[in-house]
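J.: mmCIF, C-alpha atoms, file my_file-v2.cif:
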data_entry
#
loop_
_atom_site.label_atom_id
_atom_site.label_comp_id
_atom_site.auth_asym_id
_atom_site.auth_seq_id
_atom_site.Cartn_x
_atom_site.Cartn_y
_atom_site.Cartn_z
CA MET N 1 80.58 132.19 200.62
CA SER N 2 80.26 135.96 200.04
CA ARG N 3 76.93 138.01 200.40
CA ARG N 4 75.32 139.32 197.28
CA ASN N 5 75.49 143.08 196.88
CA THR N 6 71.87 144.08 195.77
CA GLY N 7 72.06 147.77 196.77
CA GLY N 8 73.52 148.90 193.46
CA ARG N 9 70.90 147.01 191.47
CA ALA N 10 68.04 148.55 193.51
CA ARG N 11 69.36 152.03 192.98
CA ALA N 12 69.65 151.38 189.26
CA VAL N 13 66.04 150.21 189.09
CA PHE N 14 64.91 153.24 191.11
CA PHE N 15 66.69 155.66 188.78
CA LEU N 16 65.28 153.81 185.79
CA LEU N 17 61.74 154.23 187.11
CA ILE N 18 62.36 157.94 187.79
CA SER N 19 63.65 158.36 184.25
CA LEU N 20 60.62 156.58 182.78
CA ALA N 21 58.27 158.77 184.85
CA ALA N 22 60.07 161.93 183.75
CA ALA N 23 59.90 160.80 180.14
CA ALA N 24 56.16 160.12 180.51
CA VAL N 25 55.58 163.60 181.99
CA ALA N 26 57.57 165.14 179.14
CA VAL N 27 55.51 163.23 176.59
CA VAL N 28 52.28 164.44 178.22
CA VAL N 29 53.50 168.04 178.29
CA VAL N 30 54.52 167.89 174.64
CA PHE N 31 51.17 166.34 173.75
CA LEU N 32 49.27 169.07 175.57
CA VAL N 33 51.32 171.83 173.94
CA ILE N 34 50.78 170.36 170.48
CA SER N 35 47.07 169.94 171.17
CA SER N 36 46.82 173.55 172.31
CA TYR N 37 48.53 174.80 169.16
CA GLN N 38 46.28 172.65 167.02
CA GLN N 39 43.19 174.05 168.75
CA GLN N 40 44.41 177.59 168.24
CA ILE N 41 44.90 176.88 164.53
CA VAL N 42 41.38 175.46 164.31
CA ASP N 43 39.96 178.49 166.15
CA ALA N 44 41.85 180.85 163.86
CA GLU N 45 40.46 179.15 160.76
CA LYS N 46 36.93 179.05 162.19
CA GLU N 47 34.64 181.99 161.37
CA ASP N 48 33.59 184.19 164.30
CA ASP N 49 30.07 183.75 165.61
CA THR N 50 27.82 186.58 164.45
CA VAL N 51 24.26 187.73 165.05
CA LEU N 52 21.84 189.20 162.56
CA VAL N 53 20.88 192.78 163.50
CA MET N 54 18.94 195.61 161.90
CA VAL N 55 20.40 198.96 160.80
CA ALA N 56 19.06 201.98 158.94
CA ALA N 57 19.49 201.79 155.17
CA ARG N 58 19.16 205.60 154.96
CA ASP N 59 18.61 208.53 157.30
CA LEU N 60 15.31 208.07 159.15
CA PHE N 61 13.48 211.14 160.43
CA GLN N 62 11.29 211.59 163.46
CA GLY N 63 7.59 211.22 162.84
CA VAL N 64 8.05 209.48 159.46
CA THR N 65 6.79 205.88 159.39
CA ILE N 66 9.50 203.27 158.78
CA GLU N 67 9.04 201.16 155.64
CA GLU N 68 10.62 197.90 154.52
CA GLY N 69 13.17 199.62 152.27
CA ASP N 70 14.41 201.79 155.15
CA LEU N 71 16.05 198.81 156.84
CA GLU N 72 19.02 196.51 156.25
CA MET N 73 20.12 193.33 158.04
CA ARG N 74 23.80 192.94 158.98
CA HIS N 75 25.90 190.14 160.50
CA LEU N 76 27.96 191.49 163.39
CA PRO N 77 29.91 189.99 166.32
CA PRO N 78 27.62 189.80 169.35
CA THR N 79 30.08 191.74 171.54
CA PHE N 80 29.39 194.88 169.47
CA VAL N 81 25.61 194.63 169.58
CA PRO N 82 23.64 196.28 172.44
CA ASN N 83 20.78 194.28 173.91
CA SER N 84 18.16 196.79 172.77
CA VAL N 85 18.95 196.40 169.05
CA LEU N 86 16.02 194.93 167.11
CA ARG N 87 16.67 191.69 165.22
CA GLN N 88 13.56 191.33 163.02
CA ARG N 89 12.10 193.66 160.40
CA GLU N 90 8.54 193.30 161.66
CA GLN N 91 9.65 194.81 164.96
CA ALA N 92 10.33 198.17 163.24
CA VAL N 93 8.29 198.36 160.04
CA GLY N 94 5.26 200.60 160.52
CA ARG N 95 6.66 202.32 163.60
CA VAL N 96 7.84 205.92 163.96
CA PRO N 97 11.30 207.14 165.11
CA ARG N 98 11.28 209.47 168.13
CA GLU N 99 14.38 211.19 166.78
CA ARG N 100 16.58 211.19 163.71
CA ILE N 101 18.39 207.88 163.05
CA LEU N 102 21.42 208.13 160.78
CA LYS N 103 22.27 205.71 157.99
CA ASP N 104 23.95 202.50 159.27
CA GLU N 105 22.91 203.18 162.87
CA PHE N 106 21.34 200.37 164.88
CA ILE N 107 17.55 200.31 165.08
CA ARG N 108 17.09 200.36 168.85
CA GLU N 109 13.86 200.03 170.76
CA GLU N 110 14.35 203.25 172.73
CA ARG N 111 14.76 205.27 169.50
CA LEU N 112 11.25 204.35 168.32
CA ALA N 113 7.84 205.50 169.49
CA GLU N 114 5.64 202.90 171.13
CA SER N 115 3.66 200.73 168.73
CA GLU N 116 0.39 201.87 170.31
CA ALA N 117 1.29 205.58 170.05
CA GLY N 118 -0.05 205.88 166.52
CA LEU N 119 1.54 207.51 163.50
CA GLY N 120 2.79 210.96 162.59
CA LEU N 121 3.15 213.84 165.02
CA ASN N 122 1.18 212.39 167.91
CA ALA N 123 3.48 209.36 168.02
CA ILE N 124 6.56 211.43 168.85
CA ILE N 125 5.11 213.62 171.58
CA PRO N 126 6.86 212.55 174.82
CA ARG N 127 4.70 211.35 177.69
CA GLY N 128 3.44 214.22 179.82
CA MET N 129 4.19 216.79 177.10
CA ARG N 130 1.96 218.69 174.69
CA ALA N 131 2.45 219.74 171.06
CA LEU N 132 1.84 223.46 170.57
CA SER N 133 2.03 225.30 167.23
CA ILE N 134 2.94 228.98 166.99
CA ASN N 135 3.04 231.20 163.91
CA ILE N 136 6.15 233.35 163.63
CA SER N 137 7.83 235.46 160.96
CA ASP N 138 10.58 233.97 158.84
CA GLY N 139 13.20 236.19 160.50
CA SER N 140 12.09 234.92 163.88
CA ALA N 141 12.40 231.34 162.63
CA VAL N 142 16.19 231.59 162.23
CA SER N 143 15.95 232.49 158.52
CA GLY N 144 14.41 229.18 157.50
CA PHE N 145 17.17 226.97 158.90
CA LEU N 146 14.90 225.55 161.56
CA ASN N 147 14.10 221.85 161.17
CA PRO N 148 12.28 219.12 163.07
CA GLY N 149 14.52 217.67 165.76
CA ASN N 150 16.25 220.98 166.52
CA TYR N 151 16.24 222.65 169.93
CA VAL N 152 15.35 226.32 170.34
CA ASP N 153 15.09 228.99 173.00
CA ILE N 154 11.87 231.02 172.89
CA LEU N 155 12.12 234.77 173.54
CA VAL N 156 9.20 237.15 173.94
CA THR N 157 9.16 240.94 173.68
CA LEU N 158 6.38 242.50 175.77
CA ALA N 159 5.27 246.12 175.56
CA GLY N 160 5.21 248.24 178.73
CA ASP N 161 1.88 248.66 180.51
CA ASP N 162 2.08 252.48 180.41
CA ASP N 163 4.37 255.38 179.53
CA GLN N 164 6.44 254.80 182.67
CA SER N 165 7.33 251.22 181.86
CA GLU N 166 9.51 249.91 179.06
CA ASP N 167 9.30 247.19 176.48
CA GLU N 168 11.25 244.19 177.68
CA THR N 169 12.61 241.07 175.98
CA VAL N 170 13.05 237.95 178.09
CA THR N 171 13.90 234.32 177.46
CA LEU N 172 10.67 232.50 178.18
CA LEU N 173 11.72 228.88 177.54
CA GLN N 174 15.04 227.15 176.87
CA ALA N 175 16.03 223.99 174.97
CA VAL N 176 12.55 223.35 173.61
CA PRO N 177 12.41 220.46 171.08
CA VAL N 178 10.93 221.26 167.67
CA LEU N 179 8.50 218.56 166.53
CA ALA N 180 7.49 220.02 163.17
CA VAL N 181 7.90 222.98 160.84
CA ASN N 182 4.58 223.60 159.13
CA ALA N 183 3.32 220.12 158.26
CA ARG N 184 6.88 218.81 157.94
CA VAL N 185 7.92 216.42 160.70
CA GLY N 186 10.55 214.57 158.72
CA GLU N 187 13.05 215.38 155.99
CA ARG N 188 15.00 218.55 156.44
CA SER N 189 14.66 221.60 154.24
CA SER N 190 17.48 223.85 153.02
CA GLY N 191 15.39 227.00 153.24
CA ALA N 192 12.24 228.59 154.57
CA ASP N 193 8.94 226.78 154.05
CA THR N 194 6.75 229.90 154.04
CA ASP N 195 7.03 233.57 154.93
CA LYS N 196 5.33 232.87 158.27
CA PRO N 197 6.03 229.25 159.17
CA SER N 198 4.13 227.40 161.84
CA ILE N 199 6.49 225.87 164.39
CA THR N 200 5.27 222.99 166.54
CA VAL N 201 7.16 222.44 169.80
CA ALA N 202 6.90 219.98 172.69
CA VAL N 203 6.16 221.68 176.01
CA THR N 204 4.68 220.83 179.37
CA PRO N 205 1.07 221.90 180.07
CA GLU N 206 2.32 224.80 182.20
CA GLN N 207 4.78 225.91 179.50
CA ALA N 208 1.96 225.71 176.95
CA GLU N 209 -0.06 228.20 179.00
CA ARG N 210 2.87 230.62 179.33
CA LEU N 211 3.78 230.38 175.65
CA THR N 212 0.19 230.86 174.48
CA HIS N 213 -0.12 233.95 176.68
CA ALA N 214 3.21 235.30 175.40
CA VAL N 215 2.12 234.91 171.76
CA ALA N 216 -1.09 236.78 172.52
CA GLN N 217 0.64 239.61 174.41
CA GLY N 218 3.90 240.18 172.54
CA ALA N 219 6.28 239.23 169.72
CA VAL N 220 7.87 235.78 169.85
CA THR N 221 11.35 235.03 168.50
CA LEU N 222 13.24 231.73 168.31
CA THR N 223 16.99 231.24 168.71
CA LEU N 224 18.51 228.02 167.38
CA ARG N 225 20.66 225.85 169.64
CA ASN N 226 23.18 223.13 168.90
CA ASP N 227 21.36 219.78 168.96
CA ILE N 228 23.65 218.49 171.73
CA ASP N 229 23.66 221.71 173.77
CA VAL N 230 20.56 221.68 175.97
CA THR N 231 22.13 223.33 179.01
CA HIS N 232 19.96 225.94 180.71
CA VAL N 233 21.68 229.28 181.31
CA GLU N 234 20.67 232.20 183.48
CA THR N 235 19.41 235.29 181.64
CA HIS N 236 18.20 238.68 182.89
CA GLY N 237 16.17 240.10 180.01
CA ALA N 238 16.84 243.33 178.12
CA ILE N 239 15.32 246.82 178.28
CA VAL N 240 16.07 250.01 176.34
CA ASN N 241 18.28 251.75 178.93
CA GLU N 242 20.49 248.70 179.39
CA MET N 243 20.97 248.35 175.61
CA LEU N 244 22.01 252.03 175.46
CA GLY N 245 24.55 251.49 178.22
CA GLY N 246 22.72 253.63 180.75
CA ASP N 247 22.01 252.99 184.40
CA ALA N 248 18.44 251.72 184.62
CA GLU N 249 18.08 253.12 188.15
CA GLU N 250 19.36 256.64 187.42
CA THR N 251 18.41 257.36 183.79
CA ARG N 252 15.29 255.31 183.28
CA ILE N 253 13.30 256.49 180.24
CA THR N 254 10.39 255.00 178.41
CA VAL N 255 10.53 253.56 174.90
CA LYS N 256 8.37 256.42 173.60
CA GLU N 257 10.70 259.03 175.12
CA TRP N 258 13.77 257.34 173.63
CA ARG N 259 12.18 257.17 170.17
CA ALA N 260 11.13 260.82 170.42
CA GLN N 261 14.69 261.83 171.31
CA GLN N 262 16.05 259.93 168.32
CA ALA N 263 13.55 261.56 165.97
CA GLU N 264 14.44 265.08 167.20
CA ASN N 265 18.20 264.51 167.01
CA ASN N 266 18.78 265.24 163.31
CA SER N 267 22.51 265.84 163.78
CA GLY N 268 23.20 262.66 165.65
CA THR N 269 25.85 260.07 164.95
CA LEU N 270 25.17 256.75 163.24
CA ILE N 271 27.54 253.84 164.00
CA ILE N 272 27.53 251.09 161.36
CA ILE N 273 28.93 247.74 162.51
CA SER N 274 29.95 245.10 159.97
CA GLY N 275 31.63 241.96 161.29
CA GLN N 276 34.61 243.07 163.38
CA SER N 277 34.81 246.58 161.89
CA SER N 278 32.73 249.72 162.41
CA LYS N 279 32.44 253.22 160.95
CA THR N 280 30.78 256.45 162.08
CA GLU N 281 28.63 258.67 159.90
CA LYS N 282 26.98 262.03 160.56
CA ARG N 283 23.24 262.08 159.89
#
Step by step, read the file and then write its structure as structure tokens.

T.:
Amino acid sequence: MSRRNTGGRARAVFFLLISLAAAAVAVVVVFLVISSYQQQIVDAEKEDDTVLVMVAARDLFQGVTIEEGDLEMRHLPPTFVPNSVLRQREQAVGRVPRERILKDEFIREERLAESEAGLGLNAIIPRGMRALSINISDGSAVSGFLNPGNYVDILVTLAGDDDQSEDETVTLLQAVPVLAVNARVGERSSGADTDKPSITVAVTPEQAERLTHAVAQGAVTLTLRNDIDVTHVETHGAIVNEMLGGDAEETRITVKEWRAQQAENNSGTLIIISGQSSKTEKR
């Protein structure tokens, strides 16, 4: 009687089990792929999560109290919204912007004066600073183009103490923020407010002393700066000899002497400069 040969049957069963396992793995993989695609389709059809935030409905100016109509609520994706953006109208209504806020800009906490700071001008004075008003001529106020929120340099021209000293113009303060022009702390004007506007600036107590003394002793002039250019630069002042191209050490003359020379020189030469061109005339 011959022995049964079971090796071939065992191998067949083994390969069958391997095939079934492979088929099961393939089914699972296909199921997972299909499920992933289905989830992606659902996510694509689903609306993105948004948060309700507050933006300016119009340009808001420093020192001007925010009212209900100045604000709008917008739905935006949370990834585009900074943490400091206010979410409720009552958080901003009745408060005062520290600086100009453009239309459609976020209403952010750091752009507003503190709730306890009050209203109007006093609310926008930075901590540790003082508001000081100075009266200047229209020409010294950059021909009426000066507006709240601008930055200016303050120059002062001081007369010499005696006949041996000269008038001198120096830059007293740089990048000084303008809080108000006359009583206007908000909306900008296209021209001069008055012939001699009152300019209110924010300065430190020490700067307030220096500026007050300068106004009392000499003529003050303002130069307008770009609102984003607040870099301090080194200046050396100006005196008559330097403006005439002379050597201040060798040919130093007083302002009175220079004016007297000009008055006596009836046959002098007058140079007229216009833009990039110039012409010479005999007087």

J.: So how many Å separate CA of Ile124 in chain N and CA of Gly63 in chain N, to one decimal?

T.: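 Distance between the two atoms: 6.1 Å.
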
J.: Fewer than 4 positions away in the same chain doesn't count, so skip those; otherwise give me all residues within 12 Å of range 101-114 of chain N, counting all atoms listed in the file, as a PyMOL selection string.

T.: chain N and resi 52-66+70-74+76+80-97+118-127+149+186-187

J.: Could you list the residues chosen by the PyMOL selection byres ((chain N and resi 177) around 9) in this structure as a PyMOL selection string?

T.: chain N and resi 148-152+175-176+178-179+200-203

J.: Provide the CA of Ile134 in chain N to CA of Pro197 in chain N distance in Å, to one decimal place.

T.: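 A separation of 8.4 Å between them.
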
J.: How many Å lie between CA of Thr221 in chain N and CA of Pro205 in chain N, rounded to one decimal?

T.: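 Calculated distance between CA of Thr221 in chain N and CA of Pro205 in chain N is 20.3 Å.
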
J.: I need the output of the PyMOL selection byres ((chain N and resi 234) around 12) for this file as a PyMOL selection string; which residues are they?

T.: chain N and resi 170-174+231-233+235-237

J.: From the list N:Glu68, N:Phe14, N:Leu132, N:Asp167, which residue is nearest Glu209 in chain N when using only C-alpha atoms?

T.: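 Ranked by minimum distance to Glu209 in chain N, first place goes to N:Leu132.
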